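K.L.:
query.csv is reproduced in full below (CSV, C-alpha atoms).
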```
chain,number,residue,atom,x,y,z
Y,706,MET,CA,-41.7,-116.9,-49.2
Y,707,THR,CA,-43.1,-114.8,-46.5
Y,708,ALA,CA,-41.1,-111.8,-45.2
Y,709,SER,CA,-41.9,-108.6,-43.3
Y,710,LEU,CA,-42.1,-104.9,-44.1
Y,711,ALA,CA,-39.3,-103.3,-42.1
Y,712,HIS,CA,-39.2,-99.7,-43.3
Y,713,ILE,CA,-41.4,-97.2,-45.1
Y,714,TYR,CA,-39.9,-94.1,-46.6
Y,715,ARG,CA,-41.2,-91.1,-48.6
Y,716,HIS,CA,-39.6,-88.1,-50.1
Y,717,PRO,CA,-41.9,-85.0,-50.0
Y,718,ILE,CA,-39.5,-83.0,-52.2
Y,719,LYS,CA,-37.9,-85.0,-55.0
Y,720,SER,CA,-34.2,-85.7,-54.3
Y,721,ILE,CA,-34.2,-83.3,-51.3
Y,722,GLY,CA,-34.8,-85.2,-48.1
Y,723,VAL,CA,-36.1,-88.6,-46.9
Y,724,GLU,CA,-38.7,-89.3,-44.2
Y,725,GLU,CA,-39.4,-92.6,-42.5
Y,726,LEU,CA,-43.0,-93.5,-41.7
Y,727,GLU,CA,-44.6,-96.0,-39.3
Y,728,ASN,CA,-47.5,-96.7,-41.7
Y,729,ALA,CA,-49.2,-95.5,-44.8
Y,730,SER,CA,-52.4,-95.9,-46.8
Y,731,LEU,CA,-51.9,-97.0,-50.4
Y,732,GLU,CA,-54.4,-96.3,-53.2
Y,733,GLU,CA,-54.8,-98.3,-56.3
Y,734,GLY,CA,-52.6,-96.9,-59.1
Y,735,ARG,CA,-51.0,-94.2,-56.9
Y,736,VAL,CA,-47.6,-93.7,-55.4
Y,737,LEU,CA,-47.0,-93.6,-51.6
Y,738,PRO,CA,-48.9,-90.6,-50.3
Y,739,PHE,CA,-46.9,-87.3,-50.6
Y,740,ASP,CA,-43.9,-89.1,-52.2
Y,741,ARG,CA,-42.2,-86.8,-54.7
Y,742,GLU,CA,-45.1,-84.4,-54.2
Y,743,TRP,CA,-42.8,-81.4,-54.8
Y,744,ALA,CA,-39.7,-80.9,-56.9
Y,745,VAL,CA,-37.3,-78.0,-57.7
Y,746,LEU,CA,-37.0,-76.9,-61.3
Y,747,HIS,CA,-33.9,-75.1,-62.7
Y,748,GLU,CA,-33.3,-72.7,-65.5
Y,749,ARG,CA,-32.8,-75.4,-68.1
Y,750,SER,CA,-35.9,-77.3,-67.3
Y,751,LYS,CA,-38.2,-78.2,-70.2
Y,752,ILE,CA,-41.3,-78.1,-68.1
Y,753,GLY,CA,-42.9,-75.3,-66.2
Y,754,ALA,CA,-45.5,-74.5,-63.5
Y,755,GLY,CA,-49.1,-73.6,-64.1
Y,756,PRO,CA,-50.8,-70.7,-62.4
Y,757,ASP,CA,-51.7,-73.0,-59.5
Y,758,GLY,CA,-48.0,-73.8,-58.9
Y,759,ARG,CA,-48.3,-77.4,-60.2
Y,760,ALA,CA,-46.0,-78.9,-62.8
Y,761,SER,CA,-47.5,-78.4,-66.3
Y,762,VAL,CA,-46.6,-82.0,-67.3
Y,763,TRP,CA,-44.6,-84.9,-65.9
Y,764,GLY,CA,-40.9,-84.8,-66.9
Y,765,PRO,CA,-37.8,-86.9,-66.6
Y,766,LYS,CA,-35.4,-86.2,-63.7
Y,767,ILE,CA,-33.0,-84.1,-65.9
Y,768,ASN,CA,-35.5,-81.2,-65.4
Y,769,PHE,CA,-35.0,-81.1,-61.6
Y,770,VAL,CA,-32.5,-80.4,-58.9
Y,771,ILE,CA,-31.3,-84.0,-58.1
Y,772,GLY,CA,-28.7,-85.9,-56.2
Y,773,ARG,CA,-27.0,-87.2,-59.3
Y,774,SER,CA,-25.8,-83.7,-60.0
Y,775,ALA,CA,-25.4,-82.6,-56.4
Y,776,PRO,CA,-24.3,-85.5,-54.0
Y,777,GLY,CA,-24.6,-83.1,-51.0
Y,778,LEU,CA,-28.4,-83.3,-51.4
Y,779,MET,CA,-28.3,-87.0,-50.3
Y,780,GLY,CA,-27.5,-85.9,-46.8
Y,781,VAL,CA,-30.9,-84.1,-46.4
Y,782,THR,CA,-33.6,-85.6,-44.2
Y,783,SER,CA,-37.2,-84.2,-44.2
Y,784,ARG,CA,-40.4,-84.1,-42.2
Y,785,LEU,CA,-43.9,-83.4,-43.6
Y,786,LEU,CA,-45.5,-81.4,-40.8
Y,787,GLU,CA,-49.2,-81.5,-40.0
Y,788,ASP,CA,-49.9,-78.0,-41.3
Y,789,GLY,CA,-48.4,-78.9,-44.7
Y,790,ARG,CA,-45.0,-77.3,-44.1
Y,791,ILE,CA,-41.8,-79.3,-44.7
Y,792,GLY,CA,-38.9,-79.5,-42.3
Y,793,LEU,CA,-35.4,-80.1,-43.7
Y,794,ASP,CA,-32.2,-81.0,-41.9
Y,795,HIS,CA,-28.6,-81.5,-43.0
Y,796,PRO,CA,-25.5,-82.1,-41.0
Y,797,ARG,CA,-23.8,-79.0,-42.5
Y,798,ARG,CA,-26.8,-76.6,-42.4
Y,799,GLU,CA,-29.2,-75.2,-39.8
Y,800,PRO,CA,-32.7,-76.8,-39.8
Y,801,LEU,CA,-35.2,-75.2,-42.2
Y,802,GLU,CA,-39.0,-75.2,-42.2
Y,803,ILE,CA,-40.9,-73.9,-45.2
Y,804,ASP,CA,-44.4,-73.7,-46.6
Y,805,PRO,CA,-43.7,-75.0,-50.1
Y,806,ALA,CA,-46.6,-73.1,-51.6
Y,807,GLN,CA,-45.2,-69.7,-50.5
Y,808,GLU,CA,-42.8,-68.0,-53.0
Y,809,ASN,CA,-40.8,-66.4,-50.2
Y,810,ASP,CA,-40.2,-69.8,-48.6
Y,811,GLN,CA,-39.3,-71.3,-51.9
Y,812,HIS,CA,-36.5,-68.8,-52.2
Y,813,ARG,CA,-35.4,-69.6,-48.6
Y,814,LEU,CA,-35.2,-73.2,-49.8
Y,815,PHE,CA,-33.0,-72.2,-52.8
Y,816,ASP,CA,-30.6,-70.3,-50.5
Y,817,TRP,CA,-30.5,-73.2,-48.1
Y,818,LEU,CA,-29.6,-75.6,-51.0
Y,819,ARG,CA,-26.9,-73.3,-52.4
Y,820,PRO,CA,-23.9,-74.9,-50.7
Y,821,PHE,CA,-24.9,-78.3,-52.2
Y,822,TRP,CA,-25.8,-77.2,-55.7
Y,823,PRO,CA,-22.7,-76.8,-58.0
Y,824,GLU,CA,-22.0,-73.3,-59.3
Y,825,THR,CA,-21.7,-74.8,-62.8
Y,826,ALA,CA,-25.2,-76.3,-62.6
Y,827,PRO,CA,-28.3,-74.4,-63.8
Y,828,ARG,CA,-29.7,-72.4,-60.9
Y,829,PRO,CA,-33.0,-73.4,-59.2
Y,830,THR,CA,-35.9,-71.4,-60.4
Y,831,ALA,CA,-39.2,-72.8,-58.9
Y,832,LEU,CA,-40.6,-75.3,-56.5
Y,833,VAL,CA,-43.5,-77.0,-58.2
Y,834,ARG,CA,-46.1,-79.4,-57.0
Y,835,ALA,CA,-47.1,-82.6,-58.7
Y,836,GLY,CA,-50.0,-82.4,-61.1
Y,837,GLU,CA,-51.9,-85.6,-62.2
Y,838,ARG,CA,-48.6,-87.6,-61.8
Y,839,ALA,CA,-46.2,-87.7,-59.0
Y,840,LEU,CA,-42.8,-86.2,-59.8
Y,841,THR,CA,-41.1,-89.6,-59.7
Y,842,ASP,CA,-38.4,-90.8,-62.1
Y,843,ASP,CA,-40.8,-92.9,-64.0
Y,844,PRO,CA,-44.1,-91.6,-65.4
Y,845,LEU,CA,-46.0,-94.7,-64.1
Y,846,PRO,CA,-47.1,-94.4,-60.4
Y,847,TYR,CA,-44.7,-96.9,-59.0
Y,848,VAL,CA,-43.9,-97.7,-55.4
Y,849,SER,CA,-40.3,-98.9,-55.1
Y,850,LEU,CA,-39.3,-101.9,-53.0
Y,851,ILE,CA,-35.9,-103.5,-52.0
Y,852,GLY,CA,-35.1,-106.6,-50.0
Y,853,GLN,CA,-32.7,-105.8,-47.2
Y,854,ALA,CA,-30.8,-109.0,-48.0
Y,855,SER,CA,-29.9,-107.6,-51.4
Y,856,LEU,CA,-28.3,-104.5,-49.8
Y,857,ASP,CA,-26.6,-106.6,-47.1
Y,858,ASP,CA,-25.0,-108.8,-49.8
Y,859,LEU,CA,-23.8,-105.7,-51.8
Y,860,SER,CA,-22.4,-104.1,-48.6
Y,861,LYS,CA,-20.5,-107.3,-47.8
Y,862,ARG,CA,-19.0,-107.5,-51.3
Y,863,ILE,CA,-18.0,-103.9,-51.4
Y,864,GLY,CA,-16.6,-104.0,-47.8
Y,865,LYS,CA,-18.7,-101.0,-46.7
Y,866,GLU,CA,-22.0,-100.8,-44.8
Y,867,LEU,CA,-24.4,-99.0,-47.1
Y,868,ASP,CA,-27.2,-97.0,-45.6
Y,869,ARG,CA,-30.5,-98.0,-47.2
Y,870,ARG,CA,-31.6,-94.4,-47.6
Y,871,ARG,CA,-29.1,-93.9,-50.4
Y,872,PHE,CA,-31.4,-95.8,-52.7
Y,873,ARG,CA,-34.6,-93.7,-52.1
Y,874,ALA,CA,-36.8,-96.8,-52.0
Y,875,ASN,CA,-40.3,-96.6,-50.5
Y,876,LEU,CA,-40.5,-100.1,-49.0
Y,877,TRP,CA,-37.8,-102.3,-47.4
Y,878,VAL,CA,-38.4,-106.0,-46.8
Y,879,GLU,CA,-36.6,-108.1,-44.3
Y,880,GLU,CA,-36.5,-111.8,-43.2
Y,881,GLY,CA,-37.3,-114.7,-45.5
Y,882,TRP,CA,-35.9,-113.4,-48.7
Y,883,GLU,CA,-32.6,-114.4,-50.2
Y,884,PRO,CA,-30.4,-111.6,-51.8
Y,885,PHE,CA,-32.1,-110.3,-55.0
Y,886,ALA,CA,-35.1,-112.6,-54.5
Y,887,GLU,CA,-37.3,-109.6,-55.5
Y,888,PHE,CA,-36.0,-109.8,-59.1
Y,889,ASP,CA,-37.6,-113.2,-59.4
Y,890,LEU,CA,-41.0,-111.7,-58.4
Y,891,VAL,CA,-41.4,-109.5,-61.5
Y,892,GLY,CA,-44.9,-110.3,-62.8
Y,893,LYS,CA,-46.1,-111.6,-59.4
Y,894,THR,CA,-48.3,-109.9,-56.8
Y,895,LEU,CA,-47.4,-109.2,-53.2
Y,896,ARG,CA,-49.8,-108.7,-50.3
Y,897,ILE,CA,-48.5,-106.3,-47.7
Y,898,GLY,CA,-50.9,-105.5,-44.8
Y,899,ASP,CA,-54.2,-104.8,-46.5
Y,900,ALA,CA,-52.8,-103.8,-49.8
Y,901,GLU,CA,-51.7,-105.7,-52.9
Y,902,LEU,CA,-48.8,-104.6,-55.3
Y,903,GLN,CA,-47.8,-106.2,-58.6
Y,904,VAL,CA,-44.0,-106.3,-59.1
Y,905,ARG,CA,-43.4,-104.7,-62.5
Y,906,ALA,CA,-39.7,-104.1,-63.2
Y,907,CYS,CA,-36.2,-104.0,-61.8
Y,908,ILE,CA,-34.7,-100.6,-60.9
Y,909,GLU,CA,-31.5,-99.5,-62.7
Y,910,ARG,CA,-29.6,-97.2,-60.3
Y,911,CYS,CA,-28.0,-93.8,-61.0
Y,912,ARG,CA,-25.0,-92.0,-59.6
Y,913,ALA,CA,-27.0,-90.4,-56.8
Y,914,THR,CA,-26.4,-93.6,-54.9
Y,915,ASP,CA,-22.6,-92.9,-54.8
Y,916,ALA,CA,-23.2,-90.4,-52.0
Y,917,ASN,CA,-23.0,-91.1,-48.3
Y,918,ILE,CA,-26.3,-90.2,-46.7
Y,919,GLU,CA,-24.5,-88.9,-43.5
Y,920,THR,CA,-21.9,-86.6,-45.2
Y,921,GLY,CA,-23.3,-86.0,-48.7
Y,922,GLU,CA,-19.9,-87.0,-50.2
Y,923,ARG,CA,-19.4,-89.6,-52.9
Y,924,ASP,CA,-17.6,-92.6,-51.3
Y,925,VAL,CA,-18.6,-95.5,-53.6
Y,926,ASP,CA,-18.8,-95.9,-57.4
Y,927,MET,CA,-22.1,-97.7,-57.1
Y,928,LEU,CA,-22.7,-98.5,-60.8
Y,929,ALA,CA,-19.2,-99.9,-61.2
Y,930,GLU,CA,-19.6,-102.0,-58.0
Y,931,LEU,CA,-23.0,-103.4,-59.2
Y,932,GLU,CA,-21.5,-104.3,-62.6
Y,933,ARG,CA,-18.4,-105.9,-61.0
Y,934,HIS,CA,-20.3,-108.1,-58.6
Y,935,TYR,CA,-23.5,-108.9,-60.4
Y,936,GLY,CA,-23.1,-107.9,-64.1
Y,937,HIS,CA,-26.0,-105.4,-64.0
Y,938,ARG,CA,-26.8,-102.0,-62.4
Y,939,ASP,CA,-30.1,-102.9,-60.7
Y,940,LEU,CA,-31.1,-102.8,-57.1
Y,941,GLY,CA,-34.8,-103.1,-56.1
Y,942,VAL,CA,-38.0,-103.3,-58.1
Y,943,PHE,CA,-40.9,-101.1,-59.1
Y,944,CYS,CA,-44.4,-102.1,-58.0
Y,945,LEU,CA,-47.9,-100.9,-58.9
Y,946,VAL,CA,-50.6,-100.8,-56.3
Y,947,THR,CA,-53.4,-103.1,-57.5
Y,948,ALA,CA,-55.5,-103.2,-54.4
Y,949,PRO,CA,-55.7,-100.4,-51.8
Y,950,GLY,CA,-55.1,-100.8,-48.2
Y,951,ARG,CA,-53.1,-99.7,-45.1
Y,952,ILE,CA,-49.5,-101.0,-44.6
Y,953,GLY,CA,-47.3,-100.7,-41.5
Y,954,ARG,CA,-43.9,-101.6,-40.3
Y,955,GLY,CA,-43.9,-105.3,-39.2
Y,956,ASP,CA,-46.6,-106.3,-41.7
Y,957,LYS,CA,-46.2,-109.7,-43.4
Y,958,VAL,CA,-45.1,-109.6,-47.1
Y,959,GLU,CA,-46.7,-112.5,-48.9
Y,960,VAL,CA,-46.2,-113.6,-52.5
Y,961,LEU,CA,-49.7,-114.5,-54.0
```
Kindly return the structure encoded in the file as structure tokens.
P.N.:
Amino acid sequence: MTASLAHIYRHPIKSIGVEELENASLEEGRVLPFDREWAVLHERSKIGAGPDGRASVWGPKINFVIGRSAPGLMGVTSRLLEDGRIGLDHPRREPLEIDPAQENDQHRLFDWLRPFWPETAPRPTALVRAGERALTDDPLPYVSLIGQASLDDLSKRIGKELDRRRFRANLWVEEGWEPFAEFDLVGKTLRIGDAELQVRACIERCRATDANIETGERDVDMLAELERHYGHRDLGVFCLVTAPGRIGRGDKVEVL
């Protein structure tokens, strides 16, 4: 059951932008480097920022500005620059580059996001950096993985080609896997490049995946389509890095 690693993605700011990588170094018990390193809090958030600008605790996604509440955010792409700044692009906005640690730039980000964030939603208040835990949806330091065959099967059944970036997965596997083969790997270990990852759980999707990555508009009722065609709302799996190493596009993916 050998396949290949086709794509690597990270999301420097949670729910705000996706960036494709050629390679990455995985550390044991850590997320993909700089994935969900930053996130935007809002005025109803139950967590705050410490004096160092880091999140005081890990918190569930309801505490953050996310695509489920603002589908327009799904159209954002991002770039982590060498000097630590983050570049952001959207088809309906001028490009933006910010230093996420600078308060003035944080407010520039909030202004840039304003057209996508509903007036009825709690307004953004702070851009915080991850503390001991990355600001992912799960408190465990998971790396997410999806088999491209699973998405291709879903696209065929829906009758619409779905961009993989809707699903905010870190790793995409092609060739050699049948649709949803990754579900059968829960409890098993994968070797990708020099690293090893244990498959831990299936990923239940949310309404953020309804939005078209190019337009930021909802064009699919994803949860209803998953239920209709498969009887569940899952796509992809969570993995835990159990042996560190470098991974790159084109690496073999082996089930140990």
K.L.:
Between CA of Ala711 in chain Y and CA of Glu919 in chain Y, what is the distance in Å, rounded to a tenth?
P.N.:
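It comes out at 20.7 Å.
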K.L.:
Which value, in Å to one decimal, gives the distance between CA of Phe815 in chain Y and CA of Ala754 in chain Y?
P.N.:
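So the answer is 16.6 Å.
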K.L.:
Given only C-alpha atoms, how would the per-residue table for range 817-850 of chain Y near range 923-946 of chain Y read, listing every residue at most 6 Å away with its closest atom pair and distance in Å to one decimal, sorted by chain and number, as a Markdown table?
P.N.:
```
| residue | atom | partner | partner_atom | distance |
| --- | --- | --- | --- | --- |
| Y:Tyr847 | CA | Y:Leu945 | CA | 5.1 |
| Y:Val848 | CA | Y:Cys944 | CA | 5.1 |
| Y:Ser849 | CA | Y:Phe943 | CA | 4.6 |
| Y:Leu850 | CA | Y:Val942 | CA | 5.4 |
```
K.L.:
Let me make sure I understand: among Y:Arg870, Y:Lys766, Y:Arg862, Y:Arg759, which one has the smallest atom-to-atom distance to Ala831 in chain Y if we use only C-alpha atoms?
P.N.:
Y:Arg759
K.L.:
Could you give me, as a Markdown table, a per-residue list for range 799-847 of chain Y showing, wherever an atom lies at most 12 Å from an atom of range 726-736 of chain Y, the closest pair of atoms and their distance in Å to one decimal, using all atoms listed in the file and sorting by chain then residue number from low to high?
P.N.:
```
| residue | atom | partner | partner_atom | distance |
| --- | --- | --- | --- | --- |
| Y:Ala835 | CA | Y:Val736 | CA | 11.6 |
| Y:Glu837 | CA | Y:Arg735 | CA | 10.1 |
| Y:Arg838 | CA | Y:Arg735 | CA | 8.6 |
| Y:Ala839 | CA | Y:Val736 | CA | 7.1 |
| Y:Leu840 | CA | Y:Val736 | CA | 9.9 |
| Y:Thr841 | CA | Y:Val736 | CA | 8.8 |
| Y:Asp842 | CA | Y:Val736 | CA | 11.7 |
| Y:Asp843 | CA | Y:Val736 | CA | 11.0 |
| Y:Pro844 | CA | Y:Val736 | CA | 10.8 |
| Y:Leu845 | CA | Y:Gly734 | CA | 8.6 |
| Y:Pro846 | CA | Y:Val736 | CA | 5.1 |
| Y:Tyr847 | CA | Y:Val736 | CA | 5.6 |
```
K.L.:
In Å to one decimal, how far is CA of His716 in chain Y from CA of Val891 in chain Y?
P.N.:
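If I compute the distance from CA of Val891 in chain Y to CA of His716 in chain Y, I get 24.3 Å.
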K.L.:
Calculated over only C-alpha atoms, which of the candidates Y:Leu778, Y:Val745, Y:Val958, Y:Cys911 has the smallest distance to Glu879 in chain Y?
P.N.:
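Residue with the minimum atom-to-atom distance to Glu879 in chain Y: Y:Val958.
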K.L.:
Need to verify the contact set: Pro717 in chain Y, 9 Å, all atoms listed in the file, exclusion of same-chain residues closer than 2 positions in sequence. Can you return it as a count of residues only?
P.N.:
18
K.L.:
Quick one: of Y:Asp857, Y:Asp915, Y:Glu909, Y:Glu799, who's nearest to Val781 in chain Y, counting only C-alpha atoms?
P.N.:
Y:Glu799
K.L.:
So, counting all atoms listed in the file, which residue among Y:Pro820, Y:Pro800, Y:Pro765, Y:Pro829 is closest to Thr782 in chain Y?
P.N.:
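Closest residue, counting all atoms listed in the file: Y:Pro800.
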K.L.:
List as a ChimeraX atom specification the protein and nucleic acid residues near Ile713 in chain Y, meaning an atom at most 6 Å away when all atoms listed in the file are counted, but skip any in the same chain fewer than 6 places from it.
P.N.:
/Y:725-726,875-876
K.L.:
Using all atoms listed in the file, which residues sit within 6 Å of Ala900 in chain Y once same-chain residues fewer than 2 positions away are excluded, as a list in words?
P.N.:
Arg896, Ile897, Gly898, Ala948, Pro949 and Gly950 of chain Y
K.L.:
Quick one: everything within 9 Å of Pro805 in chain Y, counting all atoms listed in the file, minus sequence neighbours fewer than 4 positions away in the same chain. Send it as number ranges by chain.
P.N.:
Y: 743, 789-791, 810-811, 814, 832-834
K.L.:
Please, could you write that set of residues out with C-alpha atoms as a compact mmCIF listing (two decimals), in the frame of the given file?
P.N.:
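Result went into again_3.txt, see below:
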```
# COMPACT_ATOMS: atom_id res chain seq x y z
CA TRP Y 743 -42.80 -81.40 -54.80
CA GLY Y 789 -48.40 -78.90 -44.70
CA ARG Y 790 -45.00 -77.30 -44.10
CA ILE Y 791 -41.80 -79.30 -44.70
CA ASP Y 810 -40.20 -69.80 -48.60
CA GLN Y 811 -39.30 -71.30 -51.90
CA LEU Y 814 -35.20 -73.20 -49.80
CA LEU Y 832 -40.60 -75.30 -56.50
CA VAL Y 833 -43.50 -77.00 -58.20
CA ARG Y 834 -46.10 -79.40 -57.00
```
